[in-house]
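Asks: mmCIF, C-alpha atoms, file protein21.cif:
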```
data_start
#
loop_
_atom_site.label_atom_id
_atom_site.label_comp_id
_atom_site.auth_asym_id
_atom_site.auth_seq_id
_atom_site.Cartn_x
_atom_site.Cartn_y
_atom_site.Cartn_z
CA MET H 52 147.09 -13.78 -194.16
CA ILE H 53 148.57 -15.76 -197.06
CA TYR H 54 149.97 -18.31 -194.59
CA ARG H 55 146.48 -18.94 -193.27
CA VAL H 56 144.93 -19.27 -196.73
CA LEU H 57 147.59 -21.59 -198.16
CA PRO H 58 146.79 -24.58 -195.88
CA LEU H 59 143.12 -24.18 -196.73
CA ILE H 60 143.88 -24.23 -200.47
CA LEU H 61 146.11 -27.27 -200.05
CA SER H 62 143.56 -29.17 -197.99
CA THR H 63 140.86 -28.39 -200.55
CA PHE H 64 143.11 -29.60 -203.36
CA VAL H 65 143.93 -32.83 -201.51
CA ALA H 66 140.24 -33.46 -200.71
CA SER H 67 139.35 -32.88 -204.37
CA THR H 68 142.08 -35.27 -205.54
CA VAL H 69 140.94 -37.95 -203.09
CA ALA H 70 137.32 -37.53 -204.22
CA GLN H 71 138.34 -37.89 -207.88
CA ASN H 72 140.20 -41.11 -207.14
CA ASN H 73 137.76 -42.62 -204.65
CA LEU H 74 135.78 -45.29 -206.46
CA SER H 75 132.21 -46.34 -205.77
CA VAL H 76 131.50 -49.92 -206.84
CA VAL H 77 127.93 -51.18 -207.21
CA THR H 78 126.50 -54.59 -207.95
CA GLU H 79 123.49 -56.83 -207.24
CA ASN H 80 122.89 -60.13 -205.47
CA TRP H 81 123.58 -62.67 -208.22
CA PRO H 82 125.23 -65.72 -206.65
CA PRO H 83 127.70 -67.21 -207.20
CA TYR H 84 129.09 -64.22 -209.15
CA ASN H 85 128.36 -61.33 -206.80
CA TYR H 86 126.42 -61.38 -203.55
CA GLN H 87 126.45 -60.33 -199.91
CA ASN H 88 127.42 -63.25 -197.70
CA ASP H 89 126.21 -64.07 -194.19
CA SER H 90 128.96 -61.91 -192.68
CA GLY H 91 127.78 -58.89 -194.66
CA ASP H 92 130.79 -58.90 -196.99
CA VAL H 93 130.44 -58.73 -200.76
CA ASP H 94 131.61 -62.05 -202.15
CA GLY H 95 131.52 -64.17 -205.30
CA VAL H 96 133.69 -65.28 -208.22
CA ALA H 97 133.18 -62.02 -210.12
CA THR H 98 133.74 -59.97 -206.97
CA ALA H 99 137.08 -61.70 -206.44
CA VAL H 100 138.24 -60.56 -209.89
CA VAL H 101 137.03 -57.00 -209.31
CA LYS H 102 138.85 -56.81 -205.97
CA ARG H 103 142.10 -58.11 -207.51
CA VAL H 104 141.91 -55.57 -210.34
CA LEU H 105 141.22 -52.60 -208.06
CA SER H 106 143.85 -53.69 -205.54
CA SER H 107 146.45 -53.96 -208.30
CA ALA H 108 145.41 -50.51 -209.55
CA GLU H 109 146.00 -49.19 -206.01
CA LEU H 110 142.58 -47.54 -205.85
CA SER H 111 140.48 -47.02 -202.75
CA TYR H 112 136.91 -48.20 -203.19
CA SER H 113 133.75 -49.39 -201.49
CA ILE H 114 131.31 -52.00 -202.80
CA ASP H 115 127.56 -51.75 -202.27
CA VAL H 116 124.90 -54.30 -203.19
CA PHE H 117 121.63 -52.82 -204.47
CA PRO H 118 118.71 -54.00 -206.60
CA TRP H 119 119.94 -54.05 -210.19
CA ALA H 120 117.88 -51.07 -211.40
CA ARG H 121 119.37 -48.85 -208.70
CA SER H 122 122.94 -49.98 -209.35
CA TYR H 123 122.47 -49.44 -213.07
CA LYS H 124 121.07 -45.94 -212.58
CA LEU H 125 123.91 -44.97 -210.23
CA ALA H 126 126.54 -46.25 -212.65
CA GLN H 127 124.99 -44.35 -215.54
CA GLY H 128 124.68 -41.00 -213.80
CA GLN H 129 127.37 -40.85 -211.11
CA PRO H 130 131.06 -40.26 -212.04
CA ASN H 131 133.72 -42.65 -210.69
CA THR H 132 131.19 -45.46 -210.31
CA LEU H 133 132.01 -49.01 -211.37
CA ILE H 134 129.32 -51.63 -211.95
CA TYR H 135 129.59 -55.38 -212.36
CA SER H 136 128.56 -57.99 -213.53
CA ILE H 137 127.03 -56.27 -216.57
CA PHE H 138 126.41 -57.55 -220.09
CA LYS H 139 127.87 -55.35 -222.83
CA THR H 140 125.31 -54.49 -225.50
CA ALA H 141 125.15 -51.94 -228.32
CA GLU H 142 122.51 -49.98 -226.41
CA ARG H 143 124.59 -49.80 -223.22
CA GLU H 144 127.99 -49.29 -224.82
CA PRO H 145 127.96 -45.44 -225.14
CA TYR H 146 127.24 -44.90 -221.44
CA PHE H 147 130.27 -46.67 -219.96
CA HIS H 148 133.95 -47.46 -220.16
CA TRP H 149 134.10 -51.24 -220.58
CA PHE H 150 136.42 -53.92 -219.19
CA CYS H 151 135.63 -57.30 -220.75
CA PRO H 152 135.34 -60.17 -220.25
CA LEU H 153 135.00 -60.24 -216.49
CA LEU H 154 134.04 -63.92 -216.56
CA PRO H 155 134.30 -66.47 -219.38
CA ASN H 156 131.63 -68.86 -220.59
CA LEU H 157 128.58 -67.23 -219.03
CA ASP H 158 125.48 -68.15 -221.03
CA MET H 159 121.95 -67.03 -220.23
CA PHE H 160 118.89 -69.31 -220.40
CA PHE H 161 115.20 -69.05 -219.64
CA PHE H 162 114.17 -71.72 -217.15
CA ALA H 163 110.76 -73.28 -216.58
CA LEU H 164 109.59 -75.75 -213.95
CA SER H 165 110.39 -79.32 -214.96
CA ASP H 166 106.75 -80.38 -214.75
CA GLY H 167 106.41 -80.33 -218.54
CA GLN H 168 103.95 -77.45 -218.67
CA VAL H 169 106.38 -75.29 -220.71
CA LYS H 170 107.99 -76.89 -223.74
CA PRO H 171 111.31 -75.84 -225.32
CA ILE H 172 110.98 -72.46 -227.04
CA SER H 173 112.36 -71.70 -230.51
CA SER H 174 112.02 -67.92 -230.13
CA LEU H 175 110.72 -65.27 -227.77
CA ASP H 176 108.88 -62.37 -229.37
CA ALA H 177 105.73 -60.28 -228.97
CA SER H 178 103.52 -63.20 -230.03
CA THR H 179 104.33 -65.27 -226.92
CA SER H 180 101.64 -65.91 -224.34
CA LEU H 181 104.15 -66.89 -221.65
CA LYS H 182 104.40 -64.98 -218.40
CA ILE H 183 108.07 -64.03 -218.21
CA GLY H 184 109.66 -62.99 -214.92
CA VAL H 185 112.35 -60.33 -215.38
CA VAL H 186 114.30 -57.84 -213.28
CA ARG H 187 113.80 -54.19 -214.26
CA GLU H 188 116.63 -52.82 -216.44
CA ASP H 189 118.43 -56.14 -216.40
CA PHE H 190 119.77 -57.47 -219.71
CA PRO H 191 116.90 -59.93 -220.44
CA TYR H 192 114.37 -57.18 -219.67
CA GLN H 193 116.02 -54.81 -222.14
CA VAL H 194 116.28 -57.49 -224.83
CA LEU H 195 112.64 -58.53 -224.54
CA LYS H 196 111.42 -54.92 -224.46
CA SER H 197 113.32 -54.32 -227.71
CA ARG H 198 111.47 -57.32 -229.21
CA GLY H 199 108.11 -55.69 -228.49
CA LEU H 200 107.12 -57.52 -225.30
CA HIS H 201 105.15 -55.45 -222.78
CA GLU H 202 105.12 -55.09 -219.01
CA GLY H 203 102.00 -56.62 -217.49
CA LYS H 204 101.23 -58.55 -220.66
CA GLN H 205 104.24 -60.83 -221.09
CA LEU H 206 106.79 -59.23 -218.77
CA TYR H 207 106.29 -59.48 -215.00
CA LEU H 208 108.79 -57.34 -213.11
CA SER H 209 110.68 -58.24 -209.94
CA SER H 210 113.27 -56.34 -207.94
CA SER H 211 115.75 -59.23 -207.95
CA ASP H 212 116.50 -62.68 -209.36
CA GLU H 213 115.74 -64.13 -205.94
CA VAL H 214 112.19 -62.80 -206.02
CA ASN H 215 111.95 -63.87 -209.65
CA LEU H 216 112.78 -67.49 -208.83
CA LYS H 217 110.30 -67.59 -205.94
CA ARG H 218 107.59 -66.41 -208.33
CA LEU H 219 108.52 -69.19 -210.75
CA LEU H 220 108.36 -71.81 -207.99
CA ALA H 221 104.97 -70.44 -206.90
CA GLY H 222 103.62 -70.69 -210.45
CA GLU H 223 103.16 -66.92 -210.80
CA VAL H 224 105.37 -66.78 -213.92
CA ASP H 225 106.20 -69.41 -216.55
CA VAL H 226 109.90 -68.75 -217.19
CA VAL H 227 112.77 -66.74 -215.69
CA PRO H 228 116.24 -65.94 -217.08
CA THR H 229 119.63 -66.60 -215.49
CA SER H 230 122.75 -68.71 -215.98
CA ILE H 231 122.89 -72.41 -215.18
CA ARG H 232 125.47 -71.79 -212.47
CA SER H 233 123.38 -69.10 -210.80
CA MET H 234 120.22 -71.19 -210.97
CA LYS H 235 122.00 -74.11 -209.30
CA SER H 236 123.29 -71.80 -206.57
CA ARG H 237 119.90 -70.23 -205.83
CA LEU H 238 118.08 -73.56 -205.77
CA LYS H 239 120.71 -75.00 -203.43
CA ASN H 240 120.21 -72.04 -201.08
CA LEU H 241 116.51 -72.92 -201.02
CA GLY H 242 117.24 -76.60 -200.35
CA LEU H 243 116.07 -77.62 -203.83
CA SER H 244 117.65 -79.69 -206.59
CA PHE H 245 118.49 -78.36 -210.04
CA ASP H 246 116.10 -81.02 -211.35
CA LYS H 247 113.30 -78.70 -210.21
CA VAL H 248 113.79 -76.61 -213.37
CA VAL H 249 114.74 -77.08 -217.00
CA PRO H 250 116.25 -74.64 -219.53
CA VAL H 251 113.79 -74.04 -222.38
CA TYR H 252 115.41 -71.20 -224.33
CA GLN H 253 118.93 -69.80 -224.67
CA LEU H 254 118.90 -66.02 -224.67
CA LEU H 255 122.57 -65.49 -225.45
CA SER H 256 126.05 -66.93 -225.43
CA SER H 257 129.02 -65.25 -223.80
CA GLU H 258 130.74 -65.21 -227.22
CA SER H 259 128.20 -62.73 -228.59
CA THR H 260 127.52 -60.72 -225.41
CA PRO H 261 130.32 -60.67 -222.83
CA ILE H 262 129.86 -60.09 -219.12
CA CYS H 263 131.99 -57.18 -217.93
CA MET H 264 132.95 -54.46 -215.49
CA ALA H 265 131.89 -51.00 -216.62
CA MET H 266 132.58 -47.49 -215.38
CA SER H 267 130.46 -44.36 -215.79
CA ILE H 268 131.44 -42.41 -218.88
CA ASP H 269 132.20 -39.13 -217.03
CA SER H 270 134.68 -40.73 -214.65
CA ASN H 271 138.21 -39.48 -213.99
CA PRO H 272 140.32 -40.54 -217.04
CA GLU H 273 143.29 -41.33 -214.81
CA VAL H 274 141.21 -43.75 -212.76
CA VAL H 275 139.79 -45.34 -215.92
CA GLU H 276 143.33 -45.82 -217.25
CA LYS H 277 144.55 -47.38 -214.01
CA ILE H 278 141.67 -49.86 -214.06
CA SER H 279 142.25 -50.62 -217.75
CA VAL H 280 145.94 -51.40 -217.22
CA SER H 281 145.22 -53.53 -214.15
CA PHE H 282 142.38 -55.36 -215.91
CA GLN H 283 144.61 -56.26 -218.86
CA LYS H 284 147.19 -57.65 -216.44
CA GLU H 285 144.46 -59.78 -214.84
CA LEU H 286 143.41 -61.14 -218.25
CA THR H 287 147.02 -61.97 -219.12
CA GLN H 288 147.50 -63.80 -215.84
CA GLN H 289 144.32 -65.81 -216.39
CA LEU H 290 145.42 -66.78 -219.90
CA ASN H 291 148.82 -67.93 -218.61
CA LYS H 292 147.35 -70.19 -215.92
#
```
Write out the structure in this file as structure tokens.
Replies:
Amino acid sequence: MIYRVLPLILSTFVASTVAQNNLSVVTENWPPYNYQNDSGDVDGVATAVVKRVLSSAELSYSIDVFPWARSYKLAQGQPNTLIYSIFKTAEREPYFHWFCPLLPNLDMFFFALSDGQVKPISSLDASTSLKIGVVREDFPYQVLKSRGLHEGKQLYLSSSDEVNLKRLLAGEVDVVPTSIRSMKSRLKNLGLSFDKVVPVYQLLSSESTPICMAMSIDSNPEVVEKISVSFQKELTQQLNK
């Protein structure tokens, strides 16, 4: 009997070990950093870094693109889940293991249409009358909520930056947040020039709030360590270029 049980125990152990080391990677469509291309593959400048890090760490993984709120929820509650590109904040820090910076020099701005209807903004707080398009649970949404802005009053929620931009172009919201590089990419995909919009307020600089990879806090420590070592190698290589 023991000879029959032993293979079952071994197979269970191997399956458990594989499960502990199998990594789920989640992200959103945010070109040119991370997005699903026309072939259905996950692409982008941030994706390329993530793939290099995980390949060097010799980890098996799969990458899925979801709306940001879903990716964020999965990464918070599901062990062995890696999320990118995510801004590191004091509120988010306790819930993840962090690998920063994933990308350098990534600043976030609020953009308005360049028709002059919205002037440059000195601050964004609960006194504003602007209609602000944001993605649920994204960094700008969390920042503005912490400043006392309310959904349906100043904050108008979208499922993605793509929908957000279309609402700006349709005049449904006054401003939307993203990086200059992402705004250029999205407008180009729509056949529009960057001159269509203008930055009116800088939300953050990458010096104060880095963009990162992050892994759920309850993940396998061995996997976290492998990623950490590989990520540091990637940073060193980038610095030596």
Asks: Translate the PyMOL selection byres ((chain H and resi 246) around 10) into a concrete residue list for this structure, as a PyMOL selection string.
Replies: chain H and resi 164-166+235+238+243-245+247-249
Asks: Give me the residues near stretch 260-277 of chain H as a PyMOL selection string, where near means some atom within 9 Å (using only C-alpha atoms) and where sequence neighbours in that chain fewer than 3 positions away do not count.
Replies: chain H and resi 71-74+76+101+105+107-110+125-140+145-158+255-257+280-282
Asks: Could the residues in this selection be written to a file with C-alpha atoms, as a compact mmCIF listing (two decimals), in the coordinates of the input?
Replies:
```
# COMPACT_ATOMS: atom_id res chain seq x y z
CA GLN H 71 138.34 -37.89 -207.88
CA ASN H 72 140.20 -41.11 -207.14
CA ASN H 73 137.76 -42.62 -204.65
CA LEU H 74 135.78 -45.29 -206.46
CA VAL H 76 131.50 -49.92 -206.84
CA VAL H 101 137.03 -57.00 -209.31
CA LEU H 105 141.22 -52.60 -208.06
CA SER H 107 146.45 -53.96 -208.30
CA ALA H 108 145.41 -50.51 -209.55
CA GLU H 109 146.00 -49.19 -206.01
CA LEU H 110 142.58 -47.54 -205.85
CA LEU H 125 123.91 -44.97 -210.23
CA ALA H 126 126.54 -46.25 -212.65
CA GLN H 127 124.99 -44.35 -215.54
CA GLY H 128 124.68 -41.00 -213.80
CA GLN H 129 127.37 -40.85 -211.11
CA PRO H 130 131.06 -40.26 -212.04
CA ASN H 131 133.72 -42.65 -210.69
CA THR H 132 131.19 -45.46 -210.31
CA LEU H 133 132.01 -49.01 -211.37
CA ILE H 134 129.32 -51.63 -211.95
CA TYR H 135 129.59 -55.38 -212.36
CA SER H 136 128.56 -57.99 -213.53
CA ILE H 137 127.03 -56.27 -216.57
CA PHE H 138 126.41 -57.55 -220.09
CA LYS H 139 127.87 -55.35 -222.83
CA THR H 140 125.31 -54.49 -225.50
CA PRO H 145 127.96 -45.44 -225.14
CA TYR H 146 127.24 -44.90 -221.44
CA PHE H 147 130.27 -46.67 -219.96
CA HIS H 148 133.95 -47.46 -220.16
CA TRP H 149 134.10 -51.24 -220.58
CA PHE H 150 136.42 -53.92 -219.19
CA CYS H 151 135.63 -57.30 -220.75
CA PRO H 152 135.34 -60.17 -220.25
CA LEU H 153 135.00 -60.24 -216.49
CA LEU H 154 134.04 -63.92 -216.56
CA PRO H 155 134.30 -66.47 -219.38
CA ASN H 156 131.63 -68.86 -220.59
CA LEU H 157 128.58 -67.23 -219.03
CA ASP H 158 125.48 -68.15 -221.03
CA LEU H 255 122.57 -65.49 -225.45
CA SER H 256 126.05 -66.93 -225.43
CA SER H 257 129.02 -65.25 -223.80
CA VAL H 280 145.94 -51.40 -217.22
CA SER H 281 145.22 -53.53 -214.15
CA PHE H 282 142.38 -55.36 -215.91
```
Asks: Under the rule that only C-alpha atoms are counted, which of H:Val169, H:Glu79, H:Arg103, H:Phe160 is the nearest residue to H:Gln288?
Replies: H:Arg103
Asks: Run through the PyMOL selection byres ((chain H and resi 228) around 8) on the given coordinates and return the selected residues as a ChimeraX atom specification.
Replies: /H:159-162,184-185,191,226-227,229-230
Asks: If I put a ball of radius 9 Å at (119.0, -71.3, -207.3) in the file's coordinates, which residues poke into it when counting only C-alpha atoms, written as a PyMOL selection string?
Replies: chain H and resi 82+213+216+231-245
Asks: H:Glu223, H:Glu285, H:Asp92, H:Asp189: which is nearest H:Arg143, counting all atoms listed in the file?
Replies: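 Between H:Glu223, H:Glu285, H:Asp92, H:Asp189, the residue approaching H:Arg143 most closely is H:Asp189.
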Asks: Kindly give the distance, in Å, that separates atom CA of H:Gln193 and atom CA of H:Ser209, rounded to a single decimal.
Replies: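 Going from atom CA of H:Gln193 over to atom CA of H:Ser209 covers 13.8 Å.
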Asks: Show me, as JSON lines, the residues of stretch 113-182 of chain H having an atom within 9 Å of stretch 204-207 of chain H, each with the closest atom pair and its distance in Å, using all atoms listed in the file.
Replies:
```
{"residue": "H:Ala177", "atom": "CA", "partner": "H:Gln205", "partner_atom": "CA", "distance": 8.0}
{"residue": "H:Thr179", "atom": "CA", "partner": "H:Gln205", "partner_atom": "CA", "distance": 7.3}
{"residue": "H:Ser180", "atom": "CA", "partner": "H:Gln205", "partner_atom": "CA", "distance": 6.6}
{"residue": "H:Leu181", "atom": "CA", "partner": "H:Gln205", "partner_atom": "CA", "distance": 6.1}
{"residue": "H:Lys182", "atom": "CA", "partner": "H:Gln205", "partner_atom": "CA", "distance": 4.9}
```
Asks: Would you compute, for all listed atoms of stretch 73-90 of chain H, the axis-aligned bounding box grown by 8 Å on each side, and then report its centre and edge lengths in Å rounded to one decimal, as AutoDock Vina command-line options?
Replies:
```
--center_x 130.3 --center_y -54.9 --center_z -200.9 --size_x 30.9 --size_y 40.6 --size_z 32.5
```
Asks: What does the structure give for the distance between atom CA of H:Ser173 and atom CA of H:Gly222, in Å to one decimal?
Replies: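 Answer for the atom CA of H:Ser173 to atom CA of H:Gly222 separation: 21.9 Å.
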Asks: Under the rule that all atoms listed in the file are counted, which of H:Val104, H:Leu175, H:Val214, H:Leu219 is the nearest residue to H:Gln253?
Replies: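 When distances to H:Gln253 are compared using all atoms listed in the file, the smallest one comes from H:Leu175.
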Asks: Using only C-alpha atoms, determine which residues lie at most 8 Å from H:Val116, disregarding the query and same-chain residues fewer than 4 positions distant; provide the list as a PyMOL selection string.
Replies: chain H and resi 77-80+86-87+93+122
Asks: From the options H:Gln168, H:Lys284, H:Glu142, H:Asp94, which residue's atoms come nearest to H:Val194, counting only C-alpha atoms?
Replies: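 For H:Val194, the nearest of the given residues is H:Glu142.
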Asks: Can you find the residues with an atom no farther than 8 Å from (118.8, -54.6, -212.6), counting only C-alpha atoms, and report them as number ranges by chain?
Replies: H: 79, 118-123, 186-190, 210-211
Asks: Using Å and a single decimal, report how far atom CA of H:Ile183 sits from atom CA of H:Leu208.
Replies: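 Separating atom CA of H:Leu208 from atom CA of H:Ile183 is a distance of 8.4 Å.
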Asks: Let me make sure I understand: among H:Arg198, H:Glu144, H:Ala163, H:Ser259, which one has the smallest atom-to-atom distance to H:Asp176 if we use all atoms listed in the file?
Replies: H:Arg198
Asks: Can you sort out stretch 121-139 of chain H so it carries N, CA, C and O atoms, written as an mmCIF file, in the coordinates of the input?
Replies:
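Result went into selection.cif, see below:
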```cif
data_model
loop_
_atom_site.group_PDB
_atom_site.id
_atom_site.type_symbol
_atom_site.label_atom_id
_atom_site.label_comp_id
_atom_site.auth_asym_id
_atom_site.auth_seq_id
_atom_site.Cartn_x
_atom_site.Cartn_y
_atom_site.Cartn_z
ATOM 1 N N ARG H 121 118.729 -49.943 -209.406
ATOM 2 C CA ARG H 121 119.370 -48.850 -208.700
ATOM 3 C C ARG H 121 120.866 -48.790 -209.022
ATOM 4 O O ARG H 121 121.422 -47.712 -209.266
ATOM 5 N N SER H 122 121.523 -49.947 -209.011
ATOM 6 C CA SER H 122 122.940 -49.980 -209.350
ATOM 7 C C SER H 122 123.174 -49.454 -210.761
ATOM 8 O O SER H 122 124.108 -48.674 -211.006
ATOM 9 N N TYR H 123 122.332 -49.859 -211.669
ATOM 10 C CA TYR H 123 122.470 -49.440 -213.070
ATOM 11 C C TYR H 123 122.284 -47.932 -213.216
ATOM 12 O O TYR H 123 123.034 -47.257 -213.933
ATOM 13 N N LYS H 124 121.313 -47.382 -212.523
ATOM 14 C CA LYS H 124 121.070 -45.940 -212.580
ATOM 15 C C LYS H 124 122.237 -45.157 -211.983
ATOM 16 O O LYS H 124 122.662 -44.134 -212.543
ATOM 17 N N LEU H 125 122.766 -45.629 -210.856
ATOM 18 C CA LEU H 125 123.910 -44.970 -210.230
ATOM 19 C C LEU H 125 125.116 -44.980 -211.161
ATOM 20 O O LEU H 125 125.822 -43.969 -211.307
ATOM 21 N N ALA H 126 125.366 -46.124 -211.779
ATOM 22 C CA ALA H 126 126.540 -46.250 -212.650
ATOM 23 C C ALA H 126 126.412 -45.393 -213.896
ATOM 24 O O ALA H 126 127.413 -44.902 -214.423
ATOM 25 N N GLN H 127 125.202 -45.204 -214.375
ATOM 26 C CA GLN H 127 124.990 -44.350 -215.540
ATOM 27 C C GLN H 127 125.202 -42.877 -215.217
ATOM 28 O O GLN H 127 125.784 -42.134 -216.012
ATOM 29 N N GLY H 128 124.745 -42.437 -214.062
ATOM 30 C CA GLY H 128 124.680 -41.000 -213.800
ATOM 31 C C GLY H 128 125.698 -40.451 -212.826
ATOM 32 O O GLY H 128 125.808 -39.229 -212.683
ATOM 33 N N GLN H 129 126.466 -41.311 -212.160
ATOM 34 C CA GLN H 129 127.370 -40.850 -211.110
ATOM 35 C C GLN H 129 128.818 -41.115 -211.508
ATOM 36 O O GLN H 129 129.209 -42.263 -211.694
ATOM 37 N N PRO H 130 129.656 -40.066 -211.657
ATOM 38 C CA PRO H 130 131.060 -40.260 -212.040
ATOM 39 C C PRO H 130 131.790 -41.157 -211.037
ATOM 40 O O PRO H 130 131.413 -41.264 -209.868
ATOM 41 N N ASN H 131 132.869 -41.786 -211.520
ATOM 42 C CA ASN H 131 133.720 -42.650 -210.690
ATOM 43 C C ASN H 131 132.925 -43.765 -210.027
ATOM 44 O O ASN H 131 133.145 -44.107 -208.865
ATOM 45 N N THR H 132 131.982 -44.337 -210.795
ATOM 46 C CA THR H 132 131.190 -45.460 -210.310
ATOM 47 C C THR H 132 131.399 -46.658 -211.231
ATOM 48 O O THR H 132 131.250 -46.558 -212.445
ATOM 49 N N LEU H 133 131.754 -47.769 -210.635
ATOM 50 C CA LEU H 133 132.010 -49.010 -211.370
ATOM 51 C C LEU H 133 130.878 -49.982 -211.082
ATOM 52 O O LEU H 133 130.471 -50.144 -209.929
ATOM 53 N N ILE H 134 130.375 -50.647 -212.113
ATOM 54 C CA ILE H 134 129.320 -51.630 -211.950
ATOM 55 C C ILE H 134 129.756 -52.973 -212.520
ATOM 56 O O ILE H 134 130.475 -53.032 -213.519
ATOM 57 N N TYR H 135 129.348 -54.023 -211.872
ATOM 58 C CA TYR H 135 129.590 -55.380 -212.360
ATOM 59 C C TYR H 135 128.508 -56.264 -211.751
ATOM 60 O O TYR H 135 127.862 -55.860 -210.769
ATOM 61 N N SER H 136 128.199 -57.425 -212.243
ATOM 62 C CA SER H 136 128.560 -57.990 -213.530
ATOM 63 C C SER H 136 127.516 -57.512 -214.535
ATOM 64 O O SER H 136 126.313 -57.719 -214.306
ATOM 65 N N ILE H 137 127.941 -56.911 -215.645
ATOM 66 C CA ILE H 137 127.030 -56.270 -216.570
ATOM 67 C C ILE H 137 127.313 -56.762 -217.985
ATOM 68 O O ILE H 137 128.472 -56.833 -218.413
ATOM 69 N N PHE H 138 126.262 -57.121 -218.708
ATOM 70 C CA PHE H 138 126.410 -57.550 -220.090
ATOM 71 C C PHE H 138 126.615 -56.335 -220.997
ATOM 72 O O PHE H 138 125.913 -55.335 -220.888
ATOM 73 N N LYS H 139 127.587 -56.436 -221.891
ATOM 74 C CA LYS H 139 127.870 -55.350 -222.830
ATOM 75 C C LYS H 139 126.990 -55.496 -224.063
ATOM 76 O O LYS H 139 127.044 -56.503 -224.760
#
```
